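What's in coords20.txt: compact mmCIF, C-alpha atoms
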```txt
# COMPACT_ATOMS: atom_id res chain seq x y z
CA MET Z 265 -23.03 30.08 111.66
CA ILE Z 266 -22.32 32.42 114.51
CA PRO Z 267 -24.63 32.97 117.48
CA ALA Z 268 -26.46 36.26 118.04
CA SER Z 269 -24.64 38.62 120.39
CA PHE Z 270 -24.86 38.03 124.10
CA GLU Z 271 -23.18 39.10 127.29
CA TYR Z 272 -20.76 36.49 128.64
CA VAL Z 273 -20.14 36.11 132.36
CA ARG Z 274 -18.04 33.49 134.10
CA ALA Z 275 -19.45 32.45 137.46
CA GLY Z 276 -16.74 31.88 140.06
CA THR Z 277 -19.00 29.99 142.45
CA VAL Z 278 -22.38 28.23 142.47
CA ASP Z 279 -23.82 31.08 144.56
CA GLU Z 280 -22.57 33.62 142.04
CA ALA Z 281 -24.24 31.69 139.21
CA ILE Z 282 -27.53 31.58 141.13
CA ALA Z 283 -27.29 35.30 141.94
CA LEU Z 284 -26.83 36.07 138.24
CA LEU Z 285 -29.84 33.88 137.39
CA SER Z 286 -31.91 35.62 140.08
CA GLU Z 287 -30.95 39.02 138.73
CA HIS Z 288 -31.44 38.32 135.02
CA GLY Z 289 -34.24 35.72 135.04
CA ASP Z 290 -35.17 34.29 131.68
CA ASP Z 291 -32.65 36.52 129.88
CA ALA Z 292 -29.80 34.45 131.30
CA LYS Z 293 -28.90 30.89 130.34
CA ILE Z 294 -26.43 28.64 132.07
CA LEU Z 295 -23.55 27.48 129.86
CA ALA Z 296 -21.92 24.22 130.96
CA GLY Z 297 -20.24 22.17 128.22
CA GLY Z 298 -22.32 24.00 125.64
CA HIS Z 299 -23.02 20.96 123.50
CA SER Z 300 -26.78 21.36 123.64
CA LEU Z 301 -27.00 25.14 123.93
CA LEU Z 302 -24.38 26.34 121.44
CA PRO Z 303 -25.80 24.37 118.49
CA LEU Z 304 -29.21 25.92 119.19
CA MET Z 305 -27.65 29.38 119.44
CA ARG Z 306 -25.80 29.00 116.16
CA LEU Z 307 -29.08 28.11 114.47
CA ARG Z 308 -30.64 31.13 116.27
CA LEU Z 309 -33.20 28.81 117.84
CA ALA Z 310 -31.98 30.23 121.15
CA GLN Z 311 -30.87 33.84 121.61
CA PRO Z 312 -30.20 34.39 125.31
CA ALA Z 313 -29.11 37.90 126.28
CA MET Z 314 -26.61 36.55 128.78
CA LEU Z 315 -24.60 33.37 129.16
CA VAL Z 316 -23.49 32.44 132.66
CA ASP Z 317 -20.55 30.10 132.13
CA ILE Z 318 -20.23 27.61 134.97
CA GLY Z 319 -17.63 25.54 133.12
CA PRO Z 320 -14.80 26.50 135.46
CA LEU Z 321 -16.70 25.25 138.56
CA ARG Z 322 -14.84 21.95 138.55
CA GLU Z 323 -16.01 21.26 142.13
CA LEU Z 324 -19.25 20.17 140.43
CA SER Z 325 -17.38 17.44 138.55
CA TYR Z 326 -17.30 14.15 140.47
CA VAL Z 327 -18.73 10.64 140.72
CA ARG Z 328 -18.99 9.55 144.36
CA GLU Z 329 -20.39 6.57 146.16
CA GLU Z 330 -22.72 7.62 148.98
CA LYS Z 331 -24.52 5.36 151.42
CA ASP Z 332 -27.71 4.89 149.45
CA TYR Z 333 -26.86 6.21 146.01
CA VAL Z 334 -24.19 7.24 143.52
CA ALA Z 335 -23.78 11.03 143.35
CA VAL Z 336 -22.70 12.62 140.08
CA GLY Z 337 -21.81 16.31 139.97
CA ALA Z 338 -23.82 18.20 137.37
CA LEU Z 339 -20.69 19.37 135.56
CA THR Z 340 -19.22 15.89 135.15
CA ARG Z 341 -18.47 15.34 131.50
CA HIS Z 342 -19.82 12.26 129.70
CA HIS Z 343 -16.30 10.93 129.09
CA ASP Z 344 -15.43 11.24 132.78
CA ILE Z 345 -18.55 9.31 133.78
CA ALA Z 346 -17.80 6.62 131.19
CA ILE Z 347 -14.34 5.96 132.65
CA SER Z 348 -15.21 6.56 136.32
CA PRO Z 349 -14.37 3.44 138.38
CA VAL Z 350 -17.23 4.30 140.75
CA ALA Z 351 -19.73 4.60 137.91
CA LEU Z 352 -18.48 1.43 136.23
CA GLU Z 353 -18.86 -0.49 139.49
CA SER Z 354 -22.02 0.98 141.00
CA ALA Z 355 -23.91 2.62 138.14
CA PRO Z 356 -22.79 0.62 135.09
CA VAL Z 357 -25.77 1.57 132.96
CA LEU Z 358 -24.94 5.25 133.46
CA ALA Z 359 -21.29 4.68 132.56
CA HIS Z 360 -22.25 2.70 129.46
CA VAL Z 361 -24.72 5.24 128.18
CA ALA Z 362 -22.46 8.20 128.94
CA GLY Z 363 -19.79 6.41 126.91
CA GLN Z 364 -21.83 6.26 123.73
CA ILE Z 365 -23.44 9.70 123.63
CA GLY Z 366 -22.60 11.55 120.43
CA ASP Z 367 -18.91 11.00 119.70
CA PRO Z 368 -15.62 11.31 121.65
CA GLN Z 369 -15.32 15.04 121.04
CA VAL Z 370 -18.86 15.61 122.31
CA ARG Z 371 -18.21 13.42 125.35
CA HIS Z 372 -15.09 15.41 126.20
CA ARG Z 373 -17.22 18.56 126.56
CA GLY Z 374 -20.86 17.66 127.22
CA THR Z 375 -21.98 17.35 130.85
CA ILE Z 376 -24.65 15.24 132.53
CA GLY Z 377 -26.29 18.30 134.07
CA GLY Z 378 -26.36 20.18 130.80
CA SER Z 379 -27.85 17.26 128.94
CA LEU Z 380 -30.57 16.65 131.53
CA SER Z 381 -31.41 20.35 131.96
CA HIS Z 382 -31.83 20.64 128.20
CA GLY Z 383 -34.78 18.21 128.44
CA ASP Z 384 -34.39 16.86 124.91
CA PRO Z 385 -36.66 13.80 124.49
CA ALA Z 386 -34.22 12.41 121.90
CA SER Z 387 -31.21 12.38 124.21
CA ASP Z 388 -30.08 9.24 126.00
CA LEU Z 389 -29.50 10.21 129.63
CA PRO Z 390 -33.09 11.14 130.57
CA ALA Z 391 -34.32 7.62 129.74
CA VAL Z 392 -31.59 6.15 131.94
CA LEU Z 393 -32.45 8.48 134.83
CA LEU Z 394 -36.11 7.50 134.49
CA ALA Z 395 -35.33 3.78 134.39
CA LEU Z 396 -33.02 4.07 137.41
CA GLY Z 397 -35.50 6.19 139.35
CA GLY Z 398 -32.89 8.87 139.86
CA THR Z 399 -33.11 12.15 141.71
CA LEU Z 400 -31.95 15.59 140.62
CA VAL Z 401 -30.71 18.18 143.10
CA ALA Z 402 -31.49 21.79 142.24
CA GLN Z 403 -29.99 24.74 144.07
CA GLY Z 404 -31.62 28.16 144.19
CA PRO Z 405 -31.47 31.31 146.32
CA ASN Z 406 -33.24 29.46 149.16
CA GLY Z 407 -31.08 26.36 149.17
CA GLN Z 408 -31.35 22.92 147.63
CA ARG Z 409 -34.33 20.74 146.77
CA GLU Z 410 -34.62 17.25 145.32
CA ILE Z 411 -36.66 16.51 142.22
CA ALA Z 412 -37.55 12.94 141.24
CA ALA Z 413 -36.54 12.14 137.67
CA ALA Z 414 -40.18 11.25 136.95
CA ASP Z 415 -41.17 14.85 137.85
CA PHE Z 416 -38.25 16.60 136.15
CA PHE Z 417 -39.28 16.57 132.49
CA VAL Z 418 -42.25 18.90 132.22
CA SER Z 419 -42.90 19.65 128.55
CA PHE Z 420 -41.07 19.93 125.23
CA PHE Z 421 -37.51 21.05 126.14
CA GLU Z 422 -38.79 22.27 129.52
CA VAL Z 423 -37.70 20.89 132.89
CA ALA Z 424 -38.78 21.53 136.48
CA LEU Z 425 -35.93 23.94 137.26
CA ALA Z 426 -37.04 27.45 138.21
CA PRO Z 427 -35.36 30.30 136.29
CA ASP Z 428 -33.11 30.98 139.30
CA GLU Z 429 -32.22 27.35 139.98
CA LEU Z 430 -29.10 25.45 138.98
CA LEU Z 431 -28.91 21.68 138.69
CA VAL Z 432 -25.97 20.74 140.93
CA GLU Z 433 -26.11 16.97 141.41
CA VAL Z 434 -27.65 13.82 139.97
CA ARG Z 435 -28.29 10.85 142.26
CA VAL Z 436 -28.96 7.32 141.10
CA PRO Z 437 -29.51 4.14 143.11
CA GLN Z 438 -26.64 1.66 143.09
CA SER Z 439 -26.99 -1.11 140.55
CA SER Z 440 -24.73 -3.76 139.14
CA ASP Z 441 -23.98 -5.53 135.90
CA GLY Z 442 -26.54 -7.98 134.64
CA GLN Z 443 -29.37 -5.76 135.88
CA TRP Z 444 -29.67 -3.36 133.01
CA GLY Z 445 -30.20 -3.13 129.28
CA PHE Z 446 -29.86 -0.21 126.89
CA GLU Z 447 -30.84 -0.23 123.24
CA LYS Z 448 -30.98 2.50 120.65
CA LEU Z 449 -31.57 2.59 116.94
CA THR Z 450 -29.51 5.04 114.90
CA LYS Z 451 -28.76 5.25 111.21
CA ARG Z 452 -25.23 6.56 111.78
CA ALA Z 453 -22.99 6.04 114.79
CA GLN Z 454 -23.08 9.58 116.16
CA ASP Z 455 -26.79 10.25 115.55
CA TRP Z 456 -29.50 10.84 118.06
CA ALA Z 457 -31.65 7.78 118.65
CA ILE Z 458 -34.56 7.29 116.27
CA VAL Z 459 -35.94 5.32 119.22
CA GLY Z 460 -34.22 3.99 122.32
CA ALA Z 461 -34.99 2.19 125.56
CA ALA Z 462 -33.31 1.72 128.94
CA ALA Z 463 -34.35 -0.96 131.44
CA VAL Z 464 -33.08 -1.40 134.99
CA ARG Z 465 -34.01 -4.27 137.31
CA SER Z 466 -33.76 -3.82 141.06
CA SER Z 467 -35.28 -5.25 144.22
CA GLY Z 468 -38.04 -2.67 143.91
CA GLY Z 469 -39.07 -3.78 140.43
CA VAL Z 470 -38.16 -2.89 136.87
CA GLY Z 471 -37.86 0.66 135.52
CA VAL Z 472 -38.10 1.35 131.80
CA GLY Z 473 -37.34 4.67 130.08
CA LEU Z 474 -37.98 5.56 126.44
CA ILE Z 475 -35.99 7.81 124.11
CA ASN Z 476 -37.67 9.94 121.45
CA MET Z 477 -41.17 8.55 121.91
CA GLY Z 478 -42.93 11.84 122.57
CA PRO Z 479 -42.41 15.51 123.41
CA ILE Z 480 -40.71 14.63 126.71
CA PRO Z 481 -38.57 11.73 127.92
CA LEU Z 482 -41.02 9.03 129.00
CA ARG Z 483 -41.27 6.10 131.36
CA ALA Z 484 -42.88 3.05 129.83
CA SER Z 485 -45.39 2.86 132.69
CA ALA Z 486 -47.56 0.19 131.06
CA VAL Z 487 -44.52 -2.08 130.64
CA GLU Z 488 -43.51 -1.55 134.27
CA ALA Z 489 -47.07 -2.34 135.41
CA ALA Z 490 -47.26 -5.50 133.30
CA LEU Z 491 -43.97 -6.74 134.75
CA ALA Z 492 -45.13 -5.93 138.27
CA SER Z 493 -48.20 -8.09 137.73
CA GLY Z 494 -46.18 -11.04 136.52
CA SER Z 495 -45.81 -10.70 132.73
CA ASN Z 496 -42.61 -11.92 131.13
CA ALA Z 497 -40.34 -9.61 129.10
CA ALA Z 498 -41.90 -10.35 125.72
CA ALA Z 499 -45.47 -9.93 126.96
CA ALA Z 500 -44.68 -6.74 128.87
CA ALA Z 501 -42.75 -5.22 125.96
CA ALA Z 502 -45.91 -5.38 123.86
CA PHE Z 503 -47.12 -2.41 125.94
CA ALA Z 504 -44.04 -0.27 125.19
CA ALA Z 505 -45.81 2.12 122.85
CA GLU Z 506 -48.92 2.51 124.98
CA GLY Z 507 -49.70 6.17 125.57
CA THR Z 508 -46.79 7.39 123.44
CA GLU Z 509 -47.04 10.13 120.83
CA PRO Z 510 -43.76 10.02 118.91
CA ALA Z 511 -43.13 12.46 116.10
CA ALA Z 512 -43.17 11.33 112.47
CA ASP Z 513 -40.18 12.50 110.44
CA PHE Z 514 -37.83 11.33 107.69
CA ASN Z 515 -36.42 8.72 110.08
CA GLY Z 516 -39.72 6.97 110.62
CA SER Z 517 -43.50 7.17 110.94
CA VAL Z 518 -45.38 7.03 114.22
CA ALA Z 519 -46.25 3.36 113.65
CA TYR Z 520 -42.62 2.53 112.84
CA ARG Z 521 -41.34 4.19 116.01
CA GLN Z 522 -43.96 2.42 118.10
CA HIS Z 523 -42.98 -0.92 116.58
CA VAL Z 524 -39.28 -0.25 117.19
CA ALA Z 525 -40.05 0.76 120.78
CA ARG Z 526 -41.68 -2.63 121.43
CA VAL Z 527 -38.70 -4.46 119.95
CA LEU Z 528 -36.07 -2.39 121.79
CA VAL Z 529 -37.88 -2.59 125.13
CA ARG Z 530 -38.02 -6.39 124.82
CA ARG Z 531 -34.30 -6.55 124.06
CA ALA Z 532 -33.45 -4.16 126.89
CA LEU Z 533 -35.55 -6.18 129.34
CA GLU Z 534 -33.90 -9.41 128.27
CA LYS Z 535 -30.45 -7.88 128.72
CA ALA Z 536 -31.54 -6.72 132.18
CA GLY Z 537 -32.28 -10.33 133.05
CA VAL Z 538 -36.05 -9.88 133.19
CA MET G 223 -13.56 40.92 125.30
CA GLN G 224 -9.90 40.05 125.75
CA ILE G 225 -9.35 36.29 125.60
CA ASP G 226 -6.06 34.69 126.54
CA MET G 227 -5.12 31.11 125.89
CA THR G 228 -2.08 29.05 124.99
CA VAL G 229 -2.06 27.81 121.41
CA ASN G 230 0.62 25.31 120.42
CA GLY G 231 2.72 26.46 123.37
CA THR G 232 2.49 30.17 122.52
CA ALA G 233 0.56 32.62 124.70
CA GLU G 234 -2.16 34.33 122.66
CA SER G 235 -4.27 37.31 123.63
CA HIS G 236 -6.89 38.75 121.30
CA ASP G 237 -9.83 41.10 121.62
CA VAL G 238 -12.88 39.33 120.16
CA GLU G 239 -16.65 39.35 120.53
CA ALA G 240 -18.04 37.06 123.24
CA ARG G 241 -19.83 35.04 120.57
CA THR G 242 -16.59 34.15 118.78
CA LEU G 243 -16.25 30.42 118.35
CA LEU G 244 -12.92 28.81 119.17
CA VAL G 245 -12.41 27.78 115.54
CA HIS G 246 -12.71 31.40 114.38
CA TYR G 247 -10.42 32.59 117.17
CA LEU G 248 -7.82 30.10 115.93
CA ARG G 249 -8.27 30.86 112.24
CA ASP G 250 -8.98 34.59 112.21
CA SER G 251 -7.31 35.96 115.34
CA VAL G 252 -4.35 33.62 115.78
CA GLY G 253 -4.02 33.03 112.03
CA LEU G 254 -3.78 29.26 112.12
CA THR G 255 -5.92 28.07 109.23
CA GLY G 256 -5.06 24.38 109.42
CA THR G 257 -8.20 23.82 111.47
CA ASN G 258 -11.04 23.63 108.96
CA VAL G 259 -14.68 24.62 109.29
CA GLY G 260 -16.73 21.85 107.76
CA CYS G 261 -20.35 21.28 108.67
CA ASP G 262 -20.62 23.93 111.38
CA THR G 263 -23.12 21.68 113.19
CA THR G 264 -20.91 19.57 115.51
CA SER G 265 -21.14 16.64 113.11
CA CYS G 266 -18.14 16.36 110.80
CA GLY G 267 -15.14 16.80 113.10
CA ALA G 268 -13.05 18.80 110.57
CA CYS G 269 -12.53 21.48 113.24
CA THR G 270 -11.23 19.05 115.88
CA VAL G 271 -8.43 20.43 118.08
CA LEU G 272 -7.06 19.36 121.44
CA LEU G 273 -8.28 21.33 124.47
CA ASN G 274 -6.07 20.49 127.44
CA GLY G 275 -5.08 17.34 125.55
CA GLN G 276 -8.58 16.09 124.69
CA SER G 277 -10.25 16.25 121.28
CA VAL G 278 -13.06 18.79 120.95
CA LYS G 279 -14.97 20.28 118.05
CA SER G 280 -13.82 23.87 118.00
CA CYS G 281 -16.99 25.01 116.20
CA THR G 282 -18.92 24.12 119.36
CA VAL G 283 -16.72 25.78 121.95
CA LEU G 284 -16.74 29.51 122.53
CA ALA G 285 -13.29 31.06 122.54
CA ALA G 286 -14.32 32.53 125.91
CA GLN G 287 -14.86 29.03 127.30
CA ALA G 288 -11.29 28.13 126.40
CA ALA G 289 -9.78 31.18 128.11
CA GLY G 290 -6.82 30.06 130.18
CA ASP G 291 -6.71 26.66 128.50
CA GLU G 292 -4.11 24.97 126.32
CA ILE G 293 -5.03 24.35 122.70
CA THR G 294 -3.16 22.18 120.25
CA THR G 295 -3.94 22.49 116.54
CA ILE G 296 -2.60 20.54 113.59
CA GLU G 297 0.17 23.15 113.27
CA GLY G 298 1.37 22.26 116.76
CA LEU G 299 1.99 18.56 116.23
CA ALA G 300 5.24 18.48 114.27
CA SER G 301 8.43 18.94 116.26
CA ASP G 302 10.42 22.17 116.04
CA ASP G 303 12.86 20.66 113.55
CA GLY G 304 9.99 19.97 111.18
CA ARG G 305 9.76 16.25 111.83
CA MET G 306 6.19 15.11 111.51
CA HIS G 307 4.20 13.71 114.40
CA PRO G 308 3.79 9.89 114.19
CA VAL G 309 0.10 10.27 113.31
CA GLN G 310 0.94 12.69 110.48
CA GLN G 311 3.73 10.38 109.31
CA ALA G 312 1.34 7.43 109.31
CA PHE G 313 -1.18 9.34 107.20
CA GLN G 314 1.53 9.97 104.62
CA GLU G 315 2.78 6.39 104.61
CA CYS G 316 -0.66 4.76 104.57
CA HIS G 317 -2.22 7.20 102.07
CA GLY G 318 -4.70 8.24 104.76
CA LEU G 319 -5.98 11.22 102.82
CA GLN G 320 -7.32 12.16 99.43
CA CYS G 321 -8.70 15.70 99.27
CA GLY G 322 -7.28 16.43 102.70
CA PHE G 323 -10.11 18.53 104.06
CA CYS G 324 -11.00 16.21 106.95
CA THR G 325 -7.35 15.34 107.61
CA PRO G 326 -6.43 17.90 110.29
CA GLY G 327 -9.49 16.90 112.31
CA MET G 328 -8.82 13.21 111.75
CA VAL G 329 -5.20 13.58 112.87
CA MET G 330 -6.21 15.47 116.02
CA ALA G 331 -8.99 13.01 116.84
CA ILE G 332 -6.60 10.08 116.44
CA THR G 333 -3.95 11.79 118.56
CA SER G 334 -6.53 12.13 121.35
CA LEU G 335 -7.77 8.57 120.83
CA LEU G 336 -4.26 7.11 121.09
CA ALA G 337 -3.58 9.13 124.23
CA GLU G 338 -6.61 7.48 125.85
CA ASN G 339 -6.12 4.06 124.31
CA PRO G 340 -2.52 3.45 123.17
CA GLU G 341 -3.24 -0.04 121.81
CA PRO G 342 -6.58 0.18 120.02
CA THR G 343 -8.11 -2.58 117.96
CA GLU G 344 -9.44 -1.78 114.51
CA ALA G 345 -12.94 -1.67 116.02
CA ASP G 346 -11.74 0.77 118.70
CA VAL G 347 -10.40 3.06 115.99
CA ARG G 348 -13.55 2.91 113.89
CA ILE G 349 -15.77 3.64 116.90
CA GLY G 350 -13.30 6.24 118.15
CA LEU G 351 -13.58 8.12 114.85
CA GLU G 352 -17.38 8.22 114.85
CA GLY G 353 -17.20 11.99 115.24
CA ASN G 354 -15.16 12.55 112.07
CA LEU G 355 -16.54 12.33 108.56
CA CYS G 356 -14.54 11.72 105.39
CA ARG G 357 -16.19 11.93 101.98
CA CYS G 358 -13.28 10.54 99.95
CA THR G 359 -11.49 7.59 101.42
CA GLY G 360 -14.12 5.21 102.73
CA TYR G 361 -12.10 5.42 105.96
CA HIS G 362 -10.04 2.33 105.20
CA ASN G 363 -6.65 4.03 105.01
CA ILE G 364 -7.51 6.44 107.81
CA VAL G 365 -8.08 3.48 110.11
CA ALA G 366 -4.87 1.91 108.80
CA SER G 367 -3.02 5.16 109.56
CA ALA G 368 -4.31 5.23 113.13
CA LEU G 369 -3.28 1.61 113.70
CA ALA G 370 0.14 2.22 112.12
CA ALA G 371 0.68 5.25 114.36
CA SER G 372 -0.28 3.21 117.43
CA ARG G 373 2.59 0.83 116.64
CA VAL G 374 5.23 3.57 116.59
CA PRO G 375 7.34 3.21 119.76
CA GLU G 376 7.20 6.97 120.34
CA MET G 377 3.40 6.74 120.73
CA GLN G 378 3.58 3.99 123.32
CA LYS G 379 5.38 6.01 125.95
```

As structure tokens, what does this structure read like?
Amino acid sequence: MIPASFEYVRAGTVDEAIALLSEHGDDAKILAGGHSLLPLMRLRLAQPAMLVDIGPLRELSYVREEKDYVAVGALTRHHDIAISPVALESAPVLAHVAGQIGDPQVRHRGTIGGSLSHGDPASDLPAVLLALGGTLVAQGPNGQREIAAADFFVSFFEVALAPDELLVEVRVPQSSDGQWGFEKLTKRAQDWAIVGAAAVRSSGGVGVGLINMGPIPLRASAVEAALASGSNAAAAAAFAAEGTEPAADFNGSVAYRQHVARVLVRRALEKAGV
Amino acid sequence: MQIDMTVNGTAESHDVEARTLLVHYLRDSVGLTGTNVGCDTTSCGACTVLLNGQSVKSCTVLAAQAAGDEITTIEGLASDDGRMHPVQQAFQECHGLQCGFCTPGMVMAITSLLAENPEPTEADVRIGLEGNLCRCTGYHNIVASALAASRVPEMQK
């Protein structure tokens, strides 16, 4: 399967990529690692007229400790996050999850920015960003702006980036081991999650994100509220499916997914020490 | 568009469409057909090659993305005098293949795995090969091959 024809342009700088997006609007798509976009293009589910390849912009590949957060460049590959000493120390849930996305070959190419910008409710990283209460930094013709993870996922495969904006950095609060849990159910090792859950405990409370429980990546708000008002993990997890509208497919019915969500949220909370 | 890259140490330059996938560049333009096209959906790993030393699925990389990079395919593993690479040798000795279709991808994936983790456990190998499917062997002898290769002194440098 070969993609439909397109014009290929390599952007030499972030500004050049944004200028190309400004000029070509919706006709242009950013190509990072390509592990979300190229499969769609081969199936002709996406047929952009132009690909702006930002792969060579390695200055967007880093994991850095800042004063109040860990900064991850949008072009950092999953494998590089998984082995980053900074991520392992200060954002261990991010390192863990990055290290089990897809398979090694996928992790050698796929990037955090590409995965998040794709907005796939079945992918792992959005749930982690939601549980951590992360922030995404978008850059456009008029400079940078910050978008809270909770505001980033807008609708099915649609995120809050404007057509002329590029995701340049992901920021997550520092956390440490013993404060997080991540669970996902798959039939085969490399599969997308049938359902998954991420939980992160911090001084500000507990954040819980859900994988594949609706058209967009979701926070389990009812679970977070129950914990905030004193419920234990098992009692709070009973609310995990509240307000969710998961799809029914050959992997499971709506009721099955909602049941699995309650189980996985409880396990994730317990691993997070809740 | 003209796309240049280094394949198995040789400079290659070919005029291809922008939509050409790396696997087709390698097979059709360079003429190295050891890299197989299996599922075509980033699942099976038969098309695995090394891109700057790391395993990638060449059906999910545009040739244009690899411009300027160094690619190693199964044809590039053996030494110039024809001596097989330790991973290839281990596959022969441990009967790591039956039909052989997945083998080039398996060998490349294991080569990358051992570069990152020179002393893997059996569990490390099984998890490390999650991106490669084999329909014949039940994986047992493939895992044995990877572990045997990891014990070759040449691989522990």

At most 8 Å is the cut-off: for each residue in chain Z with any atom that close to an atom of chain G, write down the nearest atom pair and the distance in Å rounded to one decimal, counting all atoms listed in the file, chain first then increasing number, as CSV.
```
residue,atom,partner,partner_atom,distance
Z:Met265,CA,G:Asp262,CA,6.6
Z:Ile266,CA,G:Arg241,CA,7.1
Z:Pro267,CA,G:Arg241,CA,6.1
Z:Ala268,CA,G:Arg241,CA,7.2
Z:Ser269,CA,G:Arg241,CA,6.0
Z:Phe270,CA,G:Arg241,CA,6.8
Z:Glu271,CA,G:Ala240,CA,6.9
Z:Tyr272,CA,G:Ala240,CA,6.1
Z:Gly298,CA,G:Val283,CA,6.9
Z:His299,CA,G:Thr282,CA,6.6
Z:Leu302,CA,G:Thr282,CA,6.3
Z:Pro303,CA,G:Thr263,CA,6.5
Z:Asp317,CA,G:Gln287,CA,7.5
Z:Gly319,CA,G:Gln287,CA,7.3
Z:Gly366,CA,G:Gly353,CA,7.5
Z:Asp367,CA,G:Gly353,CA,4.9
Z:Pro368,CA,G:Gly350,CA,6.6
Z:Gln369,CA,G:Val278,CA,4.4
Z:Val370,CA,G:Val278,CA,6.8
Z:His372,CA,G:Val278,CA,6.6
Z:Arg373,CA,G:Val278,CA,7.0
Z:Ala453,CA,G:Glu352,CA,6.0
Z:Gln454,CA,G:Glu352,CA,6.0
```

* Asked: What is the distance, in Å and to one decimal place, between CA of Thr359 (chain G) and CA of Glu376 (chain G)?
  -> 26.6 Å

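For region 290-303 of chain G, the residues within 7 Å (counting only C-alpha atoms, excluding itself and residues fewer than 3 positions away along the chain) are G:Asp226, G:Met227, G:Thr228, G:Val229, G:Asn230, G:Gly256, G:Thr257, G:Val271, G:Leu272, G:Leu273, G:Asn274, G:Met306, G:His307, G:Pro326, G:Met330.
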
* **Polymer residues at most 8 Å from Ala310 (chain Z), all atoms listed in the file, same-chain spacing of 4 or more positions, as a PyMOL selection string** => chain Z and resi 301+304-305

* Atom pair CA of Arg305 (chain G) / CA of Arg357 (chain G): separation (Å) ->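 CA of Arg357 (chain G) lies 28.1 Å from CA of Arg305 (chain G).
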
* To do: Give me, please, the distance in Å between CA of Arg328 (chain Z) and CA of Ser348 (chain Z), quoted to one decimal.
  => 9.4 Å

* To do: Could you tell me which of G:Leu248, G:Val238, G:Val309, G:Ala233 comes closest to Pro375 (chain G) if we count all atoms listed in the file?
  =>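 Closest residue, counting all atoms listed in the file: G:Val309.
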
* Asked: Can you find the residues with an atom no farther than 10 Å from (-28.7, 30.5, 141.1), counting all atoms listed in the file, and report them as an MDAnalysis selection string?
  -> chainID Z and resid 277:287 289 294 402:407 426:431

* **Contacts of Ala512 (chain Z) within 12 Å, only C-alpha atoms, excl. fewer than 4 positions in-chain, as a list in words** =>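 My list of contacting residues is Ile458, Val459, Asn476, Met477, Gly478, Pro479, Gly516, Ser517, Val518, Ala519, Tyr520, Arg521 and Gln522 of chain Z.
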